[in-house]
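Peer 1: Below is target.pdb; it holds PDB, C-alpha atoms.
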```
MODEL        1
ATOM      1  CA  MET A   1     -11.741 -30.565 102.148
ATOM      2  CA  LEU A   2     -10.252 -34.045 101.605
ATOM      3  CA  VAL A   3     -13.487 -35.368 100.087
ATOM      4  CA  PHE A   4     -13.600 -32.328  97.799
ATOM      5  CA  ILE A   5     -10.044 -33.032  96.560
ATOM      6  CA  VAL A   6     -10.752 -36.760  96.027
ATOM      7  CA  ARG A   7     -13.829 -35.967  93.921
ATOM      8  CA  ARG A   8     -11.796 -33.599  91.766
ATOM      9  CA  LEU A   9      -9.031 -36.209  91.347
ATOM     10  CA  MET A  10     -11.552 -38.797  90.151
ATOM     11  CA  MET A  11     -12.870 -36.332  87.609
ATOM     12  CA  LEU A  12      -9.288 -35.617  86.492
ATOM     13  CA  VAL A  13      -8.592 -39.308  85.796
ATOM     14  CA  SER A  14     -11.803 -39.751  83.788
ATOM     15  CA  VAL A  15     -11.102 -36.637  81.720
ATOM     16  CA  LEU A  16      -7.557 -37.773  80.902
ATOM     17  CA  LEU A  17      -8.791 -41.237  79.901
ATOM     18  CA  GLY A  18     -11.294 -39.628  77.558
ATOM     19  CA  VAL A  19      -8.581 -37.403  76.076
ATOM     20  CA  VAL A  20      -6.252 -40.372  75.482
ATOM     21  CA  THR A  21      -8.981 -42.389  73.776
ATOM     22  CA  LEU A  22     -10.320 -39.567  71.626
ATOM     23  CA  VAL A  23      -6.919 -38.332  70.507
ATOM     24  CA  PHE A  24      -5.633 -41.811  69.679
ATOM     25  CA  PHE A  25      -8.466 -42.686  67.326
ATOM     26  CA  LEU A  26      -8.734 -39.220  65.752
ATOM     27  CA  ILE A  27      -4.998 -39.148  64.997
ATOM     28  CA  HIS A  28      -5.211 -42.496  63.198
ATOM     29  CA  MET A  29      -8.062 -41.164  61.045
ATOM     30  CA  ILE A  30      -5.833 -38.441  59.569
ATOM     31  CA  PRO A  31      -5.043 -39.236  55.903
ATOM     32  CA  GLY A  32      -1.445 -40.116  55.132
ATOM     33  CA  ASP A  33       1.023 -42.815  56.068
ATOM     34  CA  PRO A  34       3.961 -41.912  58.321
ATOM     35  CA  VAL A  35       6.018 -44.688  56.704
ATOM     36  CA  ASP A  36       5.595 -43.065  53.283
ATOM     37  CA  ILE A  37       6.671 -39.732  54.762
ATOM     38  CA  MET A  38       9.797 -41.211  56.356
ATOM     39  CA  LEU A  39      10.884 -43.507  53.507
ATOM     40  CA  GLY A  40       9.278 -41.749  50.571
ATOM     41  CA  GLU A  41       6.596 -43.069  48.266
ATOM     42  CA  ASN A  42       9.177 -44.699  45.973
ATOM     43  CA  ALA A  43      10.621 -46.950  48.689
ATOM     44  CA  LEU A  44      10.425 -50.701  48.302
ATOM     45  CA  ALA A  45       7.313 -52.406  49.647
ATOM     46  CA  ALA A  46       9.473 -54.757  51.735
ATOM     47  CA  ASP A  47      11.227 -51.833  53.413
ATOM     48  CA  LYS A  48       7.886 -50.187  54.183
ATOM     49  CA  GLU A  49       6.501 -53.371  55.661
ATOM     50  CA  ALA A  50       9.610 -53.888  57.786
ATOM     51  CA  MET A  51       9.318 -50.367  59.170
ATOM     52  CA  ARG A  52       5.612 -50.826  59.916
ATOM     53  CA  GLN A  53       6.436 -53.954  61.914
ATOM     54  CA  ASP A  54       9.252 -52.143  63.702
ATOM     55  CA  LEU A  55       6.934 -49.273  64.647
ATOM     56  CA  GLY A  56       4.021 -51.556  65.550
ATOM     57  CA  LEU A  57       1.788 -50.009  62.892
ATOM     58  CA  ASP A  58       0.988 -53.428  61.394
ATOM     59  CA  GLN A  59      -1.059 -54.442  64.433
ATOM     60  CA  PRO A  60      -4.840 -53.982  64.622
ATOM     61  CA  LEU A  61      -5.914 -50.568  65.840
ATOM     62  CA  HIS A  62      -7.416 -51.818  69.090
ATOM     63  CA  LEU A  63      -4.161 -53.606  70.001
ATOM     64  CA  GLN A  64      -2.208 -50.439  69.254
ATOM     65  CA  TYR A  65      -4.606 -48.553  71.539
ATOM     66  CA  LEU A  66      -4.233 -51.021  74.410
ATOM     67  CA  SER A  67      -0.454 -50.976  74.027
ATOM     68  CA  TYR A  68      -0.405 -47.185  74.047
ATOM     69  CA  LEU A  69      -2.763 -47.008  77.051
ATOM     70  CA  SER A  70      -0.620 -49.402  79.067
ATOM     71  CA  GLY A  71       2.427 -47.274  78.227
ATOM     72  CA  VAL A  72       0.672 -44.094  79.355
ATOM     73  CA  VAL A  73      -0.176 -45.705  82.691
ATOM     74  CA  ARG A  74       3.529 -46.493  83.139
ATOM     75  CA  GLY A  75       4.517 -42.962  82.141
ATOM     76  CA  ASP A  76       5.787 -44.040  78.712
ATOM     77  CA  LEU A  77       4.303 -41.935  75.915
ATOM     78  CA  GLY A  78       6.091 -43.865  73.203
ATOM     79  CA  THR A  79       8.936 -43.090  70.842
ATOM     80  CA  SER A  80       9.025 -40.421  68.148
ATOM     81  CA  LEU A  81       8.762 -41.995  64.688
ATOM     82  CA  LEU A  82      11.345 -39.618  63.213
ATOM     83  CA  SER A  83      13.971 -38.897  65.869
ATOM     84  CA  ARG A  84      13.541 -42.270  67.655
ATOM     85  CA  GLN A  85      13.767 -40.321  70.926
ATOM     86  CA  PRO A  86      11.312 -40.824  73.805
ATOM     87  CA  VAL A  87       8.267 -38.595  73.319
ATOM     88  CA  LEU A  88       8.382 -37.342  76.886
ATOM     89  CA  LYS A  89      12.009 -36.275  76.446
ATOM     90  CA  GLU A  90      11.167 -34.198  73.365
ATOM     91  CA  ILE A  91       8.192 -32.622  75.129
ATOM     92  CA  TRP A  92      10.233 -31.689  78.209
ATOM     93  CA  SER A  93      12.869 -30.076  75.991
ATOM     94  CA  ARG A  94      10.201 -27.721  74.569
ATOM     95  CA  PHE A  95       8.127 -27.204  77.709
ATOM     96  CA  PRO A  96      10.298 -24.459  79.314
ATOM     97  CA  ALA A  97       9.903 -22.261  76.228
ATOM     98  CA  SER A  98       6.107 -22.616  76.362
ATOM     99  CA  VAL A  99       6.054 -21.866  80.095
ATOM    100  CA  GLU A 100       8.180 -18.765  79.497
ATOM    101  CA  LEU A 101       5.785 -17.524  76.821
ATOM    102  CA  MET A 102       2.763 -18.337  78.988
ATOM    103  CA  ALA A 103       4.235 -16.464  81.966
ATOM    104  CA  GLY A 104       5.030 -13.445  79.791
ATOM    105  CA  ALA A 105       1.523 -13.413  78.348
ATOM    106  CA  MET A 106      -0.018 -13.698  81.819
ATOM    107  CA  PHE A 107       2.134 -10.805  83.051
ATOM    108  CA  VAL A 108       0.973  -8.654  80.131
ATOM    109  CA  ALA A 109      -2.661  -9.648  80.701
ATOM    110  CA  LEU A 110      -2.651  -8.872  84.428
ATOM    111  CA  SER A 111      -0.704  -5.628  83.964
ATOM    112  CA  LEU A 112      -3.365  -4.394  81.548
ATOM    113  CA  SER A 113      -6.552  -5.901  82.951
ATOM    114  CA  ILE A 114      -6.289  -5.000  86.655
ATOM    115  CA  PRO A 115      -5.854  -1.222  86.120
ATOM    116  CA  LEU A 116      -8.486  -1.191  83.364
ATOM    117  CA  GLY A 117     -10.995  -3.146  85.462
ATOM    118  CA  ILE A 118     -10.457  -0.965  88.552
ATOM    119  CA  LEU A 119     -10.743   2.310  86.622
ATOM    120  CA  ALA A 120     -13.916   1.135  84.897
ATOM    121  CA  ALA A 121     -15.505  -0.019  88.177
ATOM    122  CA  MET A 122     -14.630   3.131  90.142
ATOM    123  CA  LYS A 123     -16.482   5.336  87.649
ATOM    124  CA  PRO A 124     -19.191   3.219  86.011
ATOM    125  CA  ARG A 125     -21.016   4.617  82.986
ATOM    126  CA  SER A 126     -18.435   7.396  82.685
ATOM    127  CA  LEU A 127     -16.042   8.274  79.903
ATOM    128  CA  MET A 128     -13.282   6.370  81.706
ATOM    129  CA  ASP A 129     -15.503   3.305  81.889
ATOM    130  CA  ALA A 130     -16.325   3.566  78.186
ATOM    131  CA  LEU A 131     -12.669   3.951  77.192
ATOM    132  CA  ALA A 132     -11.557   1.033  79.364
ATOM    133  CA  MET A 133     -14.227  -1.248  77.941
ATOM    134  CA  LEU A 134     -13.446  -0.087  74.392
ATOM    135  CA  VAL A 135      -9.831  -1.132  74.885
ATOM    136  CA  SER A 136     -10.949  -4.515  76.232
ATOM    137  CA  PHE A 137     -13.349  -5.092  73.331
ATOM    138  CA  LEU A 138     -10.609  -4.255  70.837
ATOM    139  CA  GLY A 139      -8.280  -6.700  72.565
ATOM    140  CA  ALA A 140     -10.870  -9.467  72.335
ATOM    141  CA  ALA A 141     -11.751  -8.673  68.704
ATOM    142  CA  ILE A 142      -8.213  -8.604  67.302
ATOM    143  CA  PRO A 143      -7.033 -12.154  66.439
ATOM    144  CA  SER A 144      -3.478 -13.165  67.267
ATOM    145  CA  PHE A 145      -2.722 -14.179  63.675
ATOM    146  CA  TRP A 146      -3.332 -10.524  62.689
ATOM    147  CA  LEU A 147      -1.876  -8.788  65.733
ATOM    148  CA  GLY A 148       1.374 -10.771  65.654
ATOM    149  CA  PRO A 149       2.398  -9.835  62.084
ATOM    150  CA  LEU A 150       1.282  -6.243  62.727
ATOM    151  CA  LEU A 151       3.613  -5.975  65.734
ATOM    152  CA  ILE A 152       6.415  -7.517  63.677
ATOM    153  CA  LEU A 153       5.941  -4.984  60.880
ATOM    154  CA  LEU A 154       5.883  -2.046  63.286
ATOM    155  CA  PHE A 155       8.460  -2.841  65.965
ATOM    156  CA  ALA A 156      10.804  -5.218  64.160
ATOM    157  CA  ILE A 157      10.847  -4.129  60.524
ATOM    158  CA  HIS A 158       9.971  -0.419  60.476
ATOM    159  CA  LEU A 159      11.388   0.658  63.862
ATOM    160  CA  ASN A 160      13.937  -2.163  64.223
ATOM    161  CA  TRP A 161      13.522  -2.139  68.007
ATOM    162  CA  LEU A 162      12.869  -5.810  68.720
ATOM    163  CA  PRO A 163      13.797  -9.209  67.224
ATOM    164  CA  VAL A 164      11.084 -11.292  65.626
ATOM    165  CA  ASN A 165      12.114 -14.918  65.698
ATOM    166  CA  GLU A 166      13.340 -17.667  67.969
ATOM    167  CA  ARG A 167      13.917 -17.646  71.714
ATOM    168  CA  GLY A 168      16.546 -15.520  73.400
ATOM    169  CA  GLY A 169      16.582 -12.781  75.996
ATOM    170  CA  LEU A 170      13.741 -10.649  77.262
ATOM    171  CA  GLU A 171      13.610  -8.682  74.023
ATOM    172  CA  HIS A 172      12.621 -11.871  72.161
ATOM    173  CA  LEU A 173       9.703 -12.430  74.558
ATOM    174  CA  ILE A 174       8.054  -9.000  74.380
ATOM    175  CA  LEU A 175       6.226  -9.245  71.035
ATOM    176  CA  PRO A 176       4.888 -12.818  71.400
ATOM    177  CA  ALA A 177       3.845 -12.130  75.009
ATOM    178  CA  ILE A 178       1.886  -9.043  73.937
ATOM    179  CA  THR A 179       0.307 -10.982  71.071
ATOM    180  CA  LEU A 180      -0.815 -13.815  73.321
ATOM    181  CA  GLY A 181      -1.707 -11.741  76.396
ATOM    182  CA  THR A 182      -3.876  -9.076  74.759
ATOM    183  CA  ALA A 183      -6.965 -11.244  74.321
ATOM    184  CA  LEU A 184      -6.668 -12.541  77.889
ATOM    185  CA  ALA A 185      -6.369  -8.977  79.191
ATOM    186  CA  ALA A 186      -9.670  -8.147  77.504
ATOM    187  CA  ILE A 187     -11.430 -11.059  79.214
ATOM    188  CA  LEU A 188      -9.972 -10.369  82.642
ATOM    189  CA  SER A 189     -10.626  -6.610  82.585
ATOM    190  CA  ARG A 190     -14.355  -7.111  81.993
ATOM    191  CA  MET A 191     -14.434  -9.818  84.656
ATOM    192  CA  ILE A 192     -12.670  -7.616  87.205
ATOM    193  CA  ARG A 193     -14.999  -4.715  86.434
ATOM    194  CA  SER A 194     -18.208  -6.724  86.885
ATOM    195  CA  SER A 195     -16.933  -8.498  90.018
ATOM    196  CA  LEU A 196     -15.699  -5.260  91.571
ATOM    197  CA  LEU A 197     -18.982  -3.475  90.873
ATOM    198  CA  GLU A 198     -20.851  -6.267  92.644
ATOM    199  CA  VAL A 199     -18.563  -6.123  95.684
ATOM    200  CA  LEU A 200     -18.755  -2.320  95.904
ATOM    201  CA  GLY A 201     -22.486  -2.639  96.579
ATOM    202  CA  GLU A 202     -21.997  -4.772  99.704
ATOM    203  CA  ASP A 203     -22.801  -3.513 103.211
ATOM    204  CA  TYR A 204     -19.237  -3.696 104.525
ATOM    205  CA  ILE A 205     -18.101  -1.389 101.708
ATOM    206  CA  ARG A 206     -20.716   1.166 102.716
ATOM    207  CA  THR A 207     -19.512   0.813 106.305
ATOM    208  CA  ALA A 208     -15.923   1.463 105.248
ATOM    209  CA  ARG A 209     -17.002   4.561 103.368
ATOM    210  CA  ALA A 210     -19.047   5.732 106.362
ATOM    211  CA  LYS A 211     -15.896   5.562 108.490
ATOM    212  CA  GLY A 212     -14.392   8.202 106.258
ATOM    213  CA  LEU A 213     -11.902   6.033 104.379
ATOM    214  CA  ARG A 214     -10.701   7.341 101.063
ATOM    215  CA  GLU A 215     -12.283   5.783  97.988
ATOM    216  CA  ARG A 216      -8.919   4.522  96.833
ATOM    217  CA  THR A 217      -8.397   2.694 100.134
ATOM    218  CA  VAL A 218     -11.908   1.244 100.060
ATOM    219  CA  VAL A 219     -11.445  -0.124  96.535
ATOM    220  CA  LEU A 220      -7.885  -1.398  96.720
ATOM    221  CA  LYS A 221      -7.789  -2.672 100.305
ATOM    222  CA  HIS A 222     -11.324  -3.848 101.030
ATOM    223  CA  ALA A 223     -13.134  -4.505  97.758
ATOM    224  CA  LEU A 224     -10.463  -5.718  95.347
ATOM    225  CA  ARG A 225      -9.405  -8.729  97.409
ATOM    226  CA  ASN A 226     -12.898 -10.217  97.445
ATOM    227  CA  ALA A 227     -13.547  -9.172  93.860
ATOM    228  CA  LEU A 228     -10.549 -11.192  92.684
ATOM    229  CA  LEU A 229     -11.939 -14.493  94.003
ATOM    230  CA  PRO A 230     -14.005 -15.317  90.875
ATOM    231  CA  VAL A 231     -11.153 -13.997  88.745
ATOM    232  CA  MET A 232      -8.961 -16.762  90.201
ATOM    233  CA  THR A 233     -11.072 -19.323  88.352
ATOM    234  CA  ILE A 234     -10.762 -17.467  85.051
ATOM    235  CA  VAL A 235      -7.000 -17.110  85.459
ATOM    236  CA  GLY A 236      -6.654 -20.819  86.211
ATOM    237  CA  LEU A 237      -8.653 -21.747  83.125
ATOM    238  CA  GLN A 238      -6.736 -19.307  80.967
ATOM    239  CA  ILE A 239      -3.357 -20.740  81.997
ATOM    240  CA  GLY A 240      -4.280 -23.989  80.288
ATOM    241  CA  ILE A 241      -5.745 -22.125  77.332
ATOM    242  CA  LEU A 242      -2.565 -20.062  76.983
ATOM    243  CA  LEU A 243      -0.486 -23.227  76.888
ATOM    244  CA  SER A 244      -2.632 -24.847  74.209
ATOM    245  CA  GLY A 245      -3.633 -21.662  72.390
ATOM    246  CA  ALA A 246      -0.058 -20.480  71.905
ATOM    247  CA  ILE A 247       0.308 -22.626  68.784
ATOM    248  CA  ILE A 248      -0.413 -19.799  66.331
ATOM    249  CA  THR A 249       1.710 -17.311  68.262
ATOM    250  CA  GLU A 250       4.617 -19.739  68.482
ATOM    251  CA  PHE A 251       4.365 -20.398  64.742
ATOM    252  CA  ILE A 252       4.322 -16.679  63.889
ATOM    253  CA  PHE A 253       7.377 -15.885  66.017
ATOM    254  CA  ASP A 254       9.173 -19.216  65.442
ATOM    255  CA  TRP A 255       9.075 -19.831  69.182
ATOM    256  CA  PRO A 256      10.486 -23.306  70.026
ATOM    257  CA  GLY A 257       7.683 -24.432  72.315
ATOM    258  CA  LEU A 258       5.076 -27.174  72.417
ATOM    259  CA  GLY A 259       2.966 -25.432  69.780
ATOM    260  CA  THR A 260       5.592 -25.608  67.046
ATOM    261  CA  LEU A 261       6.474 -29.168  68.105
ATOM    262  CA  LEU A 262       2.822 -30.171  67.759
ATOM    263  CA  LEU A 263       2.502 -28.578  64.313
ATOM    264  CA  GLN A 264       5.664 -30.291  63.098
ATOM    265  CA  SER A 265       4.524 -33.666  64.387
ATOM    266  CA  ILE A 266       1.098 -33.294  62.723
ATOM    267  CA  HIS A 267       2.756 -32.379  59.419
ATOM    268  CA  THR A 268       4.965 -35.490  59.529
ATOM    269  CA  ARG A 269       2.192 -37.794  60.807
ATOM    270  CA  ASN A 270       4.288 -38.528  63.888
ATOM    271  CA  TYR A 271       1.475 -40.252  65.780
ATOM    272  CA  PRO A 272       3.206 -40.844  69.142
ATOM    273  CA  LEU A 273       4.503 -37.275  69.321
ATOM    274  CA  VAL A 274       1.112 -35.768  68.398
ATOM    275  CA  GLN A 275      -0.634 -37.903  71.000
ATOM    276  CA  GLY A 276       2.029 -37.105  73.586
ATOM    277  CA  CYS A 277       1.843 -33.337  73.006
ATOM    278  CA  ILE A 278      -1.944 -33.237  73.214
ATOM    279  CA  LEU A 279      -2.040 -35.502  76.270
ATOM    280  CA  PHE A 280       0.642 -33.425  77.984
ATOM    281  CA  ILE A 281      -1.196 -30.151  77.276
ATOM    282  CA  ALA A 282      -4.498 -31.676  78.448
ATOM    283  CA  THR A 283      -2.822 -32.940  81.631
ATOM    284  CA  VAL A 284      -1.397 -29.516  82.422
ATOM    285  CA  TYR A 285      -4.811 -27.986  81.723
ATOM    286  CA  VAL A 286      -6.765 -30.271  84.062
ATOM    287  CA  VAL A 287      -4.087 -30.157  86.779
ATOM    288  CA  VAL A 288      -4.146 -26.348  86.740
ATOM    289  CA  ASN A 289      -7.948 -26.482  86.940
ATOM    290  CA  LEU A 290      -7.673 -28.892  89.871
ATOM    291  CA  LEU A 291      -5.290 -26.570  91.715
ATOM    292  CA  THR A 292      -7.616 -23.649  90.947
ATOM    293  CA  ASP A 293     -10.597 -25.545  92.374
ATOM    294  CA  ILE A 294      -8.620 -26.401  95.500
ATOM    295  CA  ALA A 295      -7.497 -22.790  95.941
ATOM    296  CA  TYR A 296     -11.040 -21.555  95.400
ATOM    297  CA  GLY A 297     -12.413 -24.141  97.832
ATOM    298  CA  TRP A 298      -9.860 -23.051 100.409
ATOM    299  CA  ALA A 299     -10.770 -19.383  99.914
ATOM    300  CA  ASP A 300     -14.549 -19.975  99.853
ATOM    301  CA  PRO A 301     -15.728 -23.031 101.874
ATOM    302  CA  ARG A 302     -19.135 -22.945 100.148
ATOM    303  CA  VAL A 303     -17.532 -24.278  96.963
ATOM    304  CA  ARG A 304     -16.596 -27.551  98.712
ATOM    305  CA  LEU A 305     -20.280 -28.474  98.976
ATOM    306  CA  LYS A 306     -20.806 -28.490  95.210
TER     307      LYS A 306
ENDMDL
END
```
Could you render the structure from this file as structure tokens?

Peer 2:
Amino acid sequence: MLVFIVRRLMMLVSVLLGVVTLVFFLIHMIPGDPVDIMLGENALAADKEAMRQDLGLDQPLHLQYLSYLSGVVRGDLGTSLLSRQPVLKEIWSRFPASVELMAGAMFVALSLSIPLGILAAMKPRSLMDALAMLVSFLGAAIPSFWLGPLLILLFAIHLNWLPVNERGGLEHLILPAITLGTALAAILSRMIRSSLLEVLGEDYIRTARAKGLRERTVVLKHALRNALLPVMTIVGLQIGILLSGAIITEFIFDWPGLGTLLLQSIHTRNYPLVQGCILFIATVYVVVNLLTDIAYGWADPRVRLK
């Protein structure tokens, strides 16, 4: 198990190094000068040059990269060009909101997908199976940038049941969580159905049925636990995707998370903050994948040999 974990940690470091390098050079290829955005195009050339020297933007690109890489190794992601605050401090101030939205979306996804997947697997090729899969296909086909405004029009404007913007109590979380969790529910429900159907064909399931156990007991107590093992991997992957894919949802609902922070920093050409947000999201993504691999390796020892 220790060798398995060490191999995964080495892969994690190489992936993060690739992310840092790729993001750094791509960000600096974006048209626009952050100095012009901060001072305005009509500012004096001397003032612009002084600010470039102060921000380190006058150095060659490879020296800027090495300086940034050495800072990342020390845990220093730089300083925001606009607020002059440490990048990591600004990210941490927005991270709880993104985690809250991610947790709400995951709750919605699991609440919908597990019942749908079980119902579809218990009666395959039946009307119930068809209806459950139709719901999942609709969830996967509807984009969040369409579903979000639709929910706002219905529940916030016409019915006036729920608020539509900013972060507050539970009522502020409902609409963005549904918007973000619907597509994930569609993926998980089909995964649970196919995994459960495979498990229901195993010999120990036939033995349980031969003992006279009720079908409900066979499915929920004996089959579902093993059927959820491959779903663990999908859930782990989707946690990272939810964190990075919440950008559109956060923008629609004016949710003060990492997504809106990233969009704002891209708009203002705030290089350190853009790099910090992307690196932070990528780190969370690969760490969650690492924990998922470890959990899967603990649950199924055969995975440790791969």

Peer 1: Excluding Ile178 of chain A and residues on its chain fewer than 4 positions from it, collect all residues at most 8 Å away from it, counting all atoms listed in the file, and give them as a list in words.

Peer 2: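 Counting all atoms listed in the file, the residues come to Gly104, Ala105, Val108, Ile174 and Thr182 of chain A.
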
Peer 1: Taking the point (8.5, -11.0, 60.1) as given in the file, collect each protein or nucleic acid residue that comes within 10 Å of it, counting only C-alpha atoms, and present the set as an NGL selection string.

Peer 2: :A and (148-154 or 156-157 or 163-165 or 252-254)

Peer 1: State, in Å with one decimal place, the distance from atom CA of Val288 of chain A to atom CA of Leu273 of chain A.

Peer 2: 22.3 Å

Peer 1: Find the residue from A:Val6, A:Ala46, A:Ile192, A:Lys211 that sits nearest to Arg225 of chain A; use all atoms listed in the file when measuring.

Peer 2: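 Smallest distance to Arg225 of chain A is found for A:Ile192.
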
Peer 1: Which residues are close to segment 81-86 of chain A, i.e. within 9 Å by all atoms listed in the file, leaving aside same-chain residues fewer than 3 positions away? Reply as a VMD selection string.

Peer 2: chain A and resid 34 to 35 38 55 76 to 78 89 to 91 268 to 273

Peer 1: For segment 46-87 of chain A against segment 17-27 of chain A, with a cut-off of 10 Å and counting all atoms listed in the file, what is the closest atom pair and its distance in Å to one decimal for every residue that makes the cut, ordered by chain and number, as JSON lines?

Peer 2:
```
{"residue": "A:Leu61", "atom": "CA", "partner": "A:Phe25", "partner_atom": "CA", "distance": 8.4}
{"residue": "A:His62", "atom": "CA", "partner": "A:Phe25", "partner_atom": "CA", "distance": 9.4}
{"residue": "A:Gln64", "atom": "CA", "partner": "A:Phe24", "partner_atom": "CA", "distance": 9.3}
{"residue": "A:Tyr65", "atom": "CA", "partner": "A:Phe24", "partner_atom": "CA", "distance": 7.1}
{"residue": "A:Leu66", "atom": "CA", "partner": "A:Thr21", "partner_atom": "CA", "distance": 9.9}
{"residue": "A:Tyr68", "atom": "CA", "partner": "A:Phe24", "partner_atom": "CA", "distance": 8.7}
{"residue": "A:Leu69", "atom": "CA", "partner": "A:Val20", "partner_atom": "CA", "distance": 7.7}
{"residue": "A:Val72", "atom": "CA", "partner": "A:Val20", "partner_atom": "CA", "distance": 8.8}
```

Peer 1: Would you work out the distance separating atom CA of Leu101 of chain A from atom CA of Ile294 of chain A, expressed in Å to one decimal?

Peer 2: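 Distance reported for this atom pair: 25.2 Å.
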
Peer 1: In Å, how far is it from atom CA of Leu237 of chain A to atom CA of Val286 of chain A?

Peer 2: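 A separation of 8.8 Å between them.
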
Peer 1: Could you check which of A:Thr292, A:Thr79, A:Ser189, A:Ser126 is closest to Gln275 of chain A, using only C-alpha atoms?

Peer 2: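 Closest candidate: A:Thr79.
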
Peer 1: Determine, counting all atoms listed in the file, every residue of protein, DNA or RNA that lies within 12 Å of (-10.8, -15.0, 69.6) in the file coordinates, then give the result as a PyMOL selection string.

Peer 2: chain A and resi 137-147+179-184+186-187+241+245+248

Peer 1: Between A:Arg193, A:Arg214, A:Arg7, A:His28, which residue has the minimum interatomic distance to Val274 of chain A, considering only C-alpha atoms?

Peer 2: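 So, comparing all the options, the nearest one is A:His28.
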
Peer 1: Between A:Ser136, A:Thr283, A:Thr260, A:Asn226, which one has atoms that come closest to Leu197 of chain A, using all atoms listed in the file?

Peer 2: A:Asn226

Peer 1: Looking at A:Leu224, A:Arg94, A:Ala121, A:Leu188, which one is nearest to Glu250 of chain A, with distances taken over all atoms listed in the file?

Peer 2: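 Of all the options, A:Arg94 lies closest to Glu250 of chain A.
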
Peer 1: Please determine, counting all atoms listed in the file, which residue among A:Gly169, A:Glu49, A:Ser194, A:Val13 has the shortest atom-to-atom distance to Asp129 of chain A.

Peer 2: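 Result for the nearest residue to Asp129 of chain A: A:Ser194.
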
Peer 1: Taking all atoms of segment 165-169 of chain A that the file lists and extending 6 Å past them on each side, where is the centre of the axis-aligned box and how long are its edges? Answer in Å to one decimal, as AutoDock Vina command-line options.

Peer 2:
```
--center_x 14.3 --center_y -15.2 --center_z 70.8 --size_x 16.5 --size_y 16.9 --size_z 22.3
```
